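Structure file upload-v9.txt; described as compact mmCIF, C-alpha atoms.
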# COMPACT_ATOMS: atom_id res chain seq x y z
CA MET A 16 132.40 109.79 46.94
CA VAL A 17 131.75 113.13 45.28
CA SER A 18 128.37 113.24 43.60
CA GLU A 19 126.96 115.60 41.01
CA ALA A 20 126.44 119.27 41.84
CA LEU A 21 123.26 120.21 43.64
CA PRO A 22 120.71 121.78 41.31
CA PRO A 23 120.28 125.52 41.74
CA ILE A 24 116.99 126.80 43.07
CA PRO A 25 115.69 130.36 43.45
CA GLY A 26 116.23 132.34 46.61
CA TYR A 27 119.99 132.74 46.86
CA ALA A 28 122.54 135.30 45.75
CA ALA A 29 126.08 134.74 44.54
CA THR A 30 127.27 136.93 47.41
CA ASP A 31 125.68 134.71 50.09
CA PRO A 32 128.11 132.90 52.39
CA LEU A 33 129.09 129.42 51.25
CA VAL A 34 127.67 126.96 53.78
CA TYR A 35 127.96 123.22 54.09
CA ILE A 36 125.51 121.21 56.18
CA VAL A 37 127.14 118.13 57.72
CA VAL A 38 124.83 115.32 58.82
CA LEU A 39 126.51 112.54 60.81
CA ASN A 40 125.04 109.04 60.57
CA TRP A 41 125.57 105.80 62.44
CA ASN A 42 123.06 103.08 61.57
CA GLY A 43 120.26 105.61 61.26
CA ARG A 44 119.24 105.29 57.61
CA GLU A 45 115.57 106.23 57.96
CA ASP A 46 116.31 109.13 60.32
CA THR A 47 118.99 110.43 57.97
CA LEU A 48 116.72 110.23 54.92
CA ALA A 49 113.96 112.03 56.82
CA CYS A 50 116.40 114.74 57.91
CA LEU A 51 117.58 115.25 54.32
CA ARG A 52 113.98 115.38 53.15
CA SER A 53 113.32 118.26 55.54
CA LEU A 54 116.41 120.04 54.20
CA GLU A 55 115.24 120.00 50.58
CA PRO A 56 114.02 123.65 50.64
CA VAL A 57 117.47 124.74 51.86
CA TRP A 58 119.72 123.36 49.12
CA ASN A 59 121.08 125.78 46.54
CA GLU A 60 124.40 126.70 44.94
CA ARG A 61 125.60 128.34 48.18
CA THR A 62 124.25 125.73 50.60
CA LYS A 63 125.52 122.20 50.09
CA GLY A 64 125.23 118.92 51.94
CA ILE A 65 127.60 116.27 53.29
CA VAL A 66 126.62 113.04 55.00
CA VAL A 67 129.37 111.40 57.03
CA ASP A 68 128.75 107.72 57.73
CA ASN A 69 130.42 106.34 60.85
CA GLY A 70 130.78 102.73 59.73
CA SER A 71 127.08 101.85 59.45
CA SER A 72 125.87 98.36 58.53
CA ASP A 73 122.34 99.38 57.49
CA GLY A 74 123.04 100.56 53.95
CA THR A 75 122.78 104.28 54.67
CA PRO A 76 125.51 105.45 52.25
CA ASP A 77 123.91 103.79 49.21
CA ALA A 78 120.43 104.90 50.24
CA VAL A 79 121.53 108.52 50.50
CA ARG A 80 123.36 108.42 47.18
CA GLU A 81 120.29 107.03 45.47
CA ALA A 82 117.79 109.44 47.04
CA TYR A 83 119.99 112.56 47.11
CA PRO A 84 122.65 112.42 44.38
CA GLY A 85 123.60 116.04 45.07
CA VAL A 86 124.67 115.28 48.64
CA GLU A 87 128.23 114.10 49.14
CA VAL A 88 128.66 110.92 51.16
CA LEU A 89 131.85 110.27 53.09
CA GLU A 90 132.38 106.84 54.61
CA ALA A 91 134.57 106.75 57.71
CA GLY A 92 134.68 102.95 57.70
CA LYS A 93 134.29 102.74 61.46
CA ASN A 94 132.61 104.56 64.32
CA LEU A 95 134.76 107.60 65.04
CA GLY A 96 132.25 109.03 67.49
CA PHE A 97 130.44 112.33 67.33
CA THR A 98 133.64 114.37 67.32
CA GLY A 99 135.70 112.31 64.88
CA GLY A 100 132.84 111.85 62.43
CA ASN A 101 131.89 115.53 62.41
CA ASN A 102 135.52 116.54 61.96
CA ILE A 103 135.66 114.58 58.70
CA GLY A 104 132.79 116.69 57.41
CA LEU A 105 134.22 119.89 58.81
CA ARG A 106 137.59 119.35 57.14
CA LEU A 107 136.04 118.67 53.74
CA ALA A 108 133.71 121.67 54.01
CA LEU A 109 136.55 123.98 55.01
CA ASP A 110 138.76 122.61 52.23
CA ARG A 111 135.95 123.47 49.82
CA GLY A 112 135.98 127.07 51.06
CA ALA A 113 132.96 127.05 53.40
CA ASP A 114 132.35 130.29 55.29
CA PHE A 115 130.14 128.43 57.76
CA VAL A 116 129.48 124.78 58.55
CA LEU A 117 126.25 123.58 60.09
CA LEU A 118 126.57 120.38 62.13
CA LEU A 119 123.16 118.75 62.30
CA ASN A 120 122.10 115.54 64.03
CA ASN A 121 120.61 113.01 61.64
CA ASP A 122 117.65 112.49 64.01
CA THR A 123 116.31 116.00 63.43
CA ILE A 124 113.65 117.61 61.26
CA VAL A 125 114.08 121.27 60.34
CA ASP A 126 111.74 124.14 59.63
CA PRO A 127 112.18 125.40 56.04
CA GLY A 128 113.23 128.85 57.22
CA PHE A 129 115.56 127.74 60.02
CA PHE A 130 118.77 128.15 58.07
CA ARG A 131 118.29 131.76 57.04
CA GLU A 132 117.46 132.67 60.63
CA MET A 133 120.63 131.02 61.94
CA LEU A 134 122.74 132.69 59.29
CA SER A 135 121.20 136.08 60.09
CA VAL A 136 122.40 135.78 63.68
CA ALA A 137 125.79 134.32 62.74
CA THR A 138 126.68 137.16 60.37
CA ALA A 139 125.83 139.92 62.85
CA SER A 140 129.37 139.92 64.28
CA GLU A 141 132.67 138.15 63.68
CA GLU A 142 132.77 137.40 67.40
CA ILE A 143 129.85 135.03 66.97
CA GLY A 144 131.50 131.68 66.35
CA PHE A 145 128.57 129.38 67.17
CA VAL A 146 124.82 129.67 66.62
CA SER A 147 122.23 127.14 67.79
CA PRO A 148 118.48 127.23 67.04
CA LYS A 149 115.41 126.68 69.18
CA ILE A 150 115.03 122.89 69.40
CA TYR A 151 111.86 120.98 70.23
CA PHE A 152 111.06 117.39 71.04
CA LEU A 153 109.60 115.77 67.94
CA ASP A 154 106.80 114.37 70.08
CA PRO A 155 105.13 116.44 71.39
CA PRO A 156 106.26 119.01 68.83
CA ASP A 157 105.58 122.12 70.93
CA LEU A 158 107.69 120.97 73.90
CA LEU A 159 111.08 122.65 74.12
CA TRP A 160 114.27 120.62 74.23
CA PHE A 161 116.79 123.50 73.92
CA ALA A 162 116.40 127.27 74.17
CA GLY A 163 119.92 128.10 75.25
CA ALA A 164 122.17 126.75 77.97
CA LYS A 165 123.93 127.68 81.18
CA PHE A 166 127.22 126.13 82.27
CA SER A 167 129.17 126.68 85.49
CA ILE A 168 132.94 126.49 85.15
CA ARG A 169 133.14 126.29 88.94
CA THR A 170 130.96 123.22 89.51
CA GLY A 171 130.65 121.67 86.07
CA TYR A 172 126.88 121.95 86.31
CA GLY A 173 125.10 122.51 83.03
CA ARG A 174 121.47 123.43 82.54
CA VAL A 175 119.46 123.55 79.33
CA ILE A 176 117.14 126.55 79.28
CA GLY A 177 113.51 125.77 78.55
CA TYR A 178 113.91 122.00 78.79
CA ARG A 179 110.50 120.27 78.70
CA GLU A 180 108.62 123.58 78.81
CA PRO A 181 105.78 124.28 76.36
CA ASP A 182 106.79 127.03 73.95
CA ARG A 183 104.73 130.10 74.82
CA GLY A 184 107.15 132.59 73.33
CA GLN A 185 109.09 132.95 76.59
CA TYR A 186 112.43 132.35 74.84
CA ASP A 187 111.97 134.35 71.66
CA VAL A 188 114.86 136.80 72.07
CA ALA A 189 118.24 136.14 70.44
CA ARG A 190 121.01 136.22 73.01
CA THR A 191 124.46 135.00 74.00
CA ILE A 192 124.52 131.56 75.61
CA ASP A 193 127.13 129.68 77.65
CA ARG A 194 127.49 126.92 75.08
CA PRO A 195 125.96 125.87 71.76
CA CYS A 196 124.03 122.64 71.26
CA GLY A 197 125.89 119.96 69.32
CA CYS A 198 122.57 118.68 67.97
CA ALA A 199 122.39 121.69 65.66
CA VAL A 200 125.18 124.25 65.58
CA LEU A 201 126.40 126.65 62.90
CA VAL A 202 130.13 127.29 63.27
CA SER A 203 132.19 129.92 61.47
CA ARG A 204 135.25 129.28 59.38
CA ARG A 205 137.13 131.86 61.42
CA LEU A 206 136.48 129.98 64.64
CA CYS A 207 137.65 126.71 63.11
CA ARG A 208 140.80 128.38 61.83
CA GLU A 209 141.68 130.10 65.09
CA ALA A 210 140.35 127.72 67.78
CA GLY A 211 140.50 124.41 65.94
CA LEU A 212 137.94 121.68 65.29
CA MET A 213 136.19 119.32 67.69
CA ASP A 214 138.33 117.41 70.19
CA GLU A 215 138.38 113.84 68.88
CA GLY A 216 139.61 112.38 72.16
CA LEU A 217 136.25 113.15 73.76
CA PHE A 218 134.37 110.91 71.29
CA LEU A 219 130.88 111.80 72.51
CA TYR A 220 129.16 114.27 74.89
CA VAL A 221 130.45 117.55 76.43
CA ASP A 222 132.28 118.19 73.15
CA GLU A 223 130.47 121.51 72.64
CA VAL A 224 131.43 122.65 76.17
CA GLU A 225 135.12 121.94 75.55
CA TRP A 226 134.93 123.61 72.12
CA MET A 227 133.21 126.66 73.62
CA LEU A 228 135.75 127.03 76.43
CA ARG A 229 138.57 126.78 73.90
CA ALA A 230 136.91 129.24 71.54
CA ARG A 231 136.41 131.79 74.34
CA LYS A 232 140.18 132.08 74.63
CA HIS A 233 140.13 133.38 71.07
CA GLY A 234 137.35 135.89 71.71
CA PHE A 235 134.40 133.94 70.30
CA LYS A 236 130.92 133.60 71.73
CA ALA A 237 127.86 131.42 71.13
CA CYS A 238 124.39 132.74 70.34
CA TYR A 239 120.85 131.40 70.35
CA ALA A 240 118.61 131.99 67.30
CA PRO A 241 115.00 131.61 68.47
CA LYS A 242 113.37 132.06 65.07
CA ALA A 243 115.28 129.05 63.73
CA LYS A 244 113.34 125.88 64.63
CA VAL A 245 114.45 122.25 64.71
CA TRP A 246 112.71 119.13 66.04
CA HIS A 247 114.79 116.37 67.65
CA LYS A 248 114.10 112.66 68.02
CA VAL A 249 115.96 112.64 71.31
CA SER A 250 118.93 110.25 71.45
CA ALA A 251 117.45 107.93 68.86
CA SER A 252 120.91 106.50 68.11
CA VAL A 253 121.45 105.57 71.77
CA GLY A 254 117.99 104.20 72.40
CA ARG A 255 116.71 106.37 75.23
CA GLU A 256 117.27 109.85 76.58
CA SER A 257 119.14 108.75 79.73
CA HIS A 258 121.77 106.17 78.87
CA PRO A 259 124.66 105.19 81.20
CA ASP A 260 127.16 106.23 78.53
CA ALA A 261 125.99 109.83 78.93
CA PHE A 262 127.14 109.76 82.57
CA TYR A 263 130.46 108.13 81.73
CA TYR A 264 131.36 110.65 79.03
CA GLY A 265 129.82 113.46 81.06
CA VAL A 266 132.15 112.95 84.02
CA ARG A 267 135.29 112.17 82.05
CA ASN A 268 134.90 114.89 79.45
CA THR A 269 133.69 117.61 81.82
CA LEU A 270 136.74 117.13 84.02
CA TYR A 271 138.98 117.23 80.98
CA ALA A 272 137.35 120.40 79.62
CA LEU A 273 137.47 122.24 82.94
CA ASN A 274 140.98 121.22 83.97
CA THR A 275 142.33 122.00 80.50
CA HIS A 276 140.74 125.41 80.01
CA VAL A 277 139.97 126.56 83.56
CA PRO A 278 142.68 124.96 85.69
CA CYS A 279 142.19 125.05 89.45
CA GLY A 280 145.62 123.93 90.59
CA THR A 281 146.38 120.64 92.25
CA GLY A 282 145.67 118.86 95.51
CA THR A 283 142.57 119.92 97.42
CA SER A 284 141.17 122.19 94.69
CA ARG A 285 141.40 119.45 92.10
CA TYR A 286 139.79 116.91 94.43
CA LEU A 287 136.92 119.31 95.18
CA ARG A 288 136.34 119.83 91.47
CA GLU A 289 136.19 116.06 90.92
CA LEU A 290 133.77 115.76 93.83
CA SER A 291 131.59 118.52 92.41
CA VAL A 292 131.46 117.08 88.89
CA THR A 293 130.73 113.53 90.05
CA SER A 294 128.08 114.80 92.49
CA VAL A 295 126.34 116.76 89.73
CA HIS A 296 126.21 113.63 87.59
CA LEU A 297 125.05 111.44 90.46
CA ALA A 298 122.21 113.85 91.15
CA ALA A 299 121.26 113.85 87.46
CA LEU A 300 121.35 110.05 87.45
CA MET A 301 118.96 109.83 90.40
CA LEU A 302 116.50 112.10 88.59
CA SER A 303 116.77 110.24 85.28
CA SER A 304 115.26 107.05 83.91
CA ALA A 305 118.68 105.46 83.45
CA PRO A 306 119.39 102.18 85.30
CA LYS A 307 120.94 103.30 88.57
CA VAL A 308 123.53 100.55 89.06
CA ASP A 309 124.80 100.91 85.51
CA GLY A 310 124.80 104.69 85.89
CA VAL A 311 126.89 104.64 89.07
CA ARG A 312 129.30 102.23 87.42
CA ALA A 313 129.57 104.57 84.44
CA ILE A 314 130.30 107.58 86.66
CA ARG A 315 133.01 105.71 88.54
CA GLN A 316 134.57 104.52 85.30
CA GLY A 317 134.44 108.03 83.84
CA LEU A 318 136.33 109.41 86.83
CA ALA A 319 138.87 106.60 86.76
CA ASP A 320 139.46 106.93 83.03
CA TYR A 321 139.93 110.69 83.33
CA ARG A 322 142.54 110.16 86.04
CA ASN A 323 144.26 107.46 83.99
CA GLY A 324 144.25 109.51 80.81
CA THR A 325 141.97 107.08 78.97
CA PHE A 326 140.08 108.82 76.17
CA GLY A 327 138.26 107.88 73.00
CA LYS A 328 135.37 105.43 72.94
CA ARG A 329 134.24 103.94 76.25
CA GLY A 330 135.57 100.44 76.66
CA ASN A 331 138.57 100.74 74.37
CA ARG A 332 140.81 100.85 77.44
CA MET A 333 143.58 102.55 75.52
CA ALA A 334 145.24 104.49 78.32
CA GLY A 335 147.71 107.22 77.55
CA ALA A 336 148.11 110.92 76.97
CA HIS A 337 145.13 112.76 75.50
CA PRO A 338 145.46 112.76 71.70
CA SER A 339 146.39 115.95 69.91
CA ARG A 340 143.58 118.15 68.77
CA PRO A 341 142.80 118.28 65.06

Please re-express this file's structure in structure tokens.
Amino acid sequence: MVSEALPPIPGYAATDPLVYIVVLNWNGREDTLACLRSLEPVWNERTKGIVVDNGSSDGTPDAVREAYPGVEVLEAGKNLGFTGGNNIGLRLALDRGADFVLLLNNDTIVDPGFFREMLSVATASEEIGFVSPKIYFLDPPDLLWFAGAKFSIRTGYGRVIGYREPDRGQYDVARTIDRPCGCAVLVSRRLCREAGLMDEGLFLYVDEVEWMLRARKHGFKACYAPKAKVWHKVSASVGRESHPDAFYYGVRNTLYALNTHVPCGTGTSRYLRELSVTSVHLAALMLSSAPKVDGVRAIRQGLADYRNGTFGKRGNRMAGAHPSRP
């Protein structure tokens, strides 16, 4: 449904880039409304909003339309996952002529000035295809959740910089990072045109790693914007920070991303990569609060499904070739 135009507010110029902010929702009505409330200072004629609803049963679409008639609401009708749902918003935004699209988790609260800071970094160079902000836990609000990321294409090990550290200004320099954060990422139109959209076969998790590896082949890089601040209600849609599904998708999708974009041959090299990726996830499981038996089962299933070519949502059991990218 296309709603009325957003009312203009001061503080923008007709020459500013056209940006759409896409907020993906799945049964998170109150979180989504709170996120949109925090975005109110951002809306203007060059910054517009889209909420994509992934088949919710909690009345989110009607609640958003009533509270924010200037925000477009798209109803997917079913849960298409993080990748499929965001791609609906991306396609509409790009069709409308967006220069940049900001993908923002619905369980976030933003600082009023975050958007301008992200855009300042994004427009510094055409090589910058992704920009992610400094992200905090919502509670406590000064504890860092994301201040950049490292990712090893050799082992599949990923590390979030600053995770659970108090913010003392130690990560206040803008810089290139190994991957953006899907929780809040500004992506350029040029990157979408040349490298494509999110890989819908992945469904959930590791999607930003695969997208980054694909984008690198086209000369793009990701950057961290420390002056842009966002607070995250961590994994509110899943229920807790360490859920077995994270390990399932982590193993399956990491192997897919690495073997697709950084192939290591066959035989022994491929087996060693599988061993490395599963070991990394087993170690993370042991250090997490996730139920261990369920976590091990998820890791084993993720490996098996990768080998069998089973993608999409966990449990669909629809084996076959990986679907084409959007």

Mind giving me the straight-line distance from atom CA of A:Trp246 to atom CA of A:Val79 in Å, one decimal?
20.8 Å

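Checking A:Asp68, A:Glu45, A:Glu132, A:Asp31 one by one against A:Ala240, counting only C-alpha atoms, you find the shortest gap at A:Glu132.
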
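Considering only C-alpha atoms, the residue among A:Ala230, A:Ile168, A:Ile176, A:Ala113 positioned nearest to A:Leu212 is A:Ala230.
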
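Among the candidate residues A:Ala164, A:Ala298, A:Val66, A:Leu287, the one lying nearest to A:Tyr239 is A:Ala164, with distances computed using only C-alpha atoms.
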
So, with all atoms listed in the file as the atoms that count, which of A:Ala243, A:Ile65, A:Met133, A:Ala261 lies closest to A:Leu107?
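Of all the options, A:Ile65 lies closest to A:Leu107.
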
So which one's closest to A:Leu105, A:Ser203, A:Tyr264, A:Ser257, A:Pro155? Using all atoms listed in the file, please.
A:Ser203

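Residues lying within 10 Å of A:Ser167, counting only C-alpha atoms and ignoring same-chain neighbours fewer than 5 positions away, are Tyr172, Gly173, Arg174, Asp193 and Leu273 of chain A.
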
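Minimum distance to A:Val200 across A:Leu290, A:Val37, A:Ala319, A:Val266 (counting all atoms listed in the file) occurs at A:Val37.
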
Please list, as a ChimeraX atom specification, the residues that have an atom at most 10 Å away from (137.3, 126.7, 65.6) in the coordinates of this file, counting all atoms listed in the file.
/A:144-145,202-213,226-227,229-230,233,235

Would you compute the distance between atom CA of A:Arg169 and atom CA of A:Gln316? Give it in Å to one decimal.
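These atoms are spaced 22.1 Å apart.
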
Go ahead and compute the interatomic distance for atom CA of A:Gly64 and atom CA of A:Val34, in Å to one decimal.
8.6 Å

So that I can check the surroundings of A:Leu89, please list as a PDB file with C-alpha atoms, in the coordinates of the input every protein, DNA and RNA residue that reaches within 10 Å of it, counting all atoms listed in the file and ignoring chain neighbours fewer than 3 positions away.
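result.pdb, freshly written:
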ATOM      1  CA  MET A  16     132.400 109.790  46.940  1.00  0.00           C
ATOM      2  CA  VAL A  17     131.750 113.130  45.280  1.00  0.00           C
ATOM      3  CA  LEU A  39     126.510 112.540  60.810  1.00  0.00           C
ATOM      4  CA  ILE A  65     127.600 116.270  53.290  1.00  0.00           C
ATOM      5  CA  VAL A  66     126.620 113.040  55.000  1.00  0.00           C
ATOM      6  CA  VAL A  67     129.370 111.400  57.030  1.00  0.00           C
ATOM      7  CA  ASP A  68     128.750 107.720  57.730  1.00  0.00           C
ATOM      8  CA  ASN A  69     130.420 106.340  60.850  1.00  0.00           C
ATOM      9  CA  PRO A  76     125.510 105.450  52.250  1.00  0.00           C
ATOM     10  CA  VAL A  86     124.670 115.280  48.640  1.00  0.00           C
ATOM     11  CA  GLY A  92     134.680 102.950  57.700  1.00  0.00           C
ATOM     12  CA  GLY A 100     132.840 111.850  62.430  1.00  0.00           C
ATOM     13  CA  ILE A 103     135.660 114.580  58.700  1.00  0.00           C
ATOM     14  CA  GLY A 104     132.790 116.690  57.410  1.00  0.00           C
ATOM     15  CA  LEU A 107     136.040 118.670  53.740  1.00  0.00           C
TER      16      LEU A 107
END

Using all atoms listed in the file, which residues of stretch 187-276 of chain A come within 6 Å of stretch 116-128 of chain A, and what is the closest atom pair for each, with the distance in Å to one decimal? Give it as a Markdown table, sorted by chain and residue number.
| residue | atom | partner | partner_atom | distance |
| --- | --- | --- | --- | --- |
| A:Cys198 | CA | A:Asn120 | CA | 5.1 |
| A:Ala199 | CA | A:Leu119 | CA | 4.5 |
| A:Val200 | CA | A:Leu118 | CA | 5.4 |
| A:Leu201 | CA | A:Leu117 | CA | 4.2 |
| A:Val202 | CA | A:Val116 | CA | 5.4 |
| A:Lys244 | CA | A:Asp126 | CA | 5.5 |
| A:Val245 | CA | A:Val125 | CA | 4.5 |
| A:Trp246 | CA | A:Ile124 | CA | 5.1 |
| A:His247 | CA | A:Thr123 | CA | 4.5 |
| A:Lys248 | CA | A:Asp122 | CA | 5.4 |
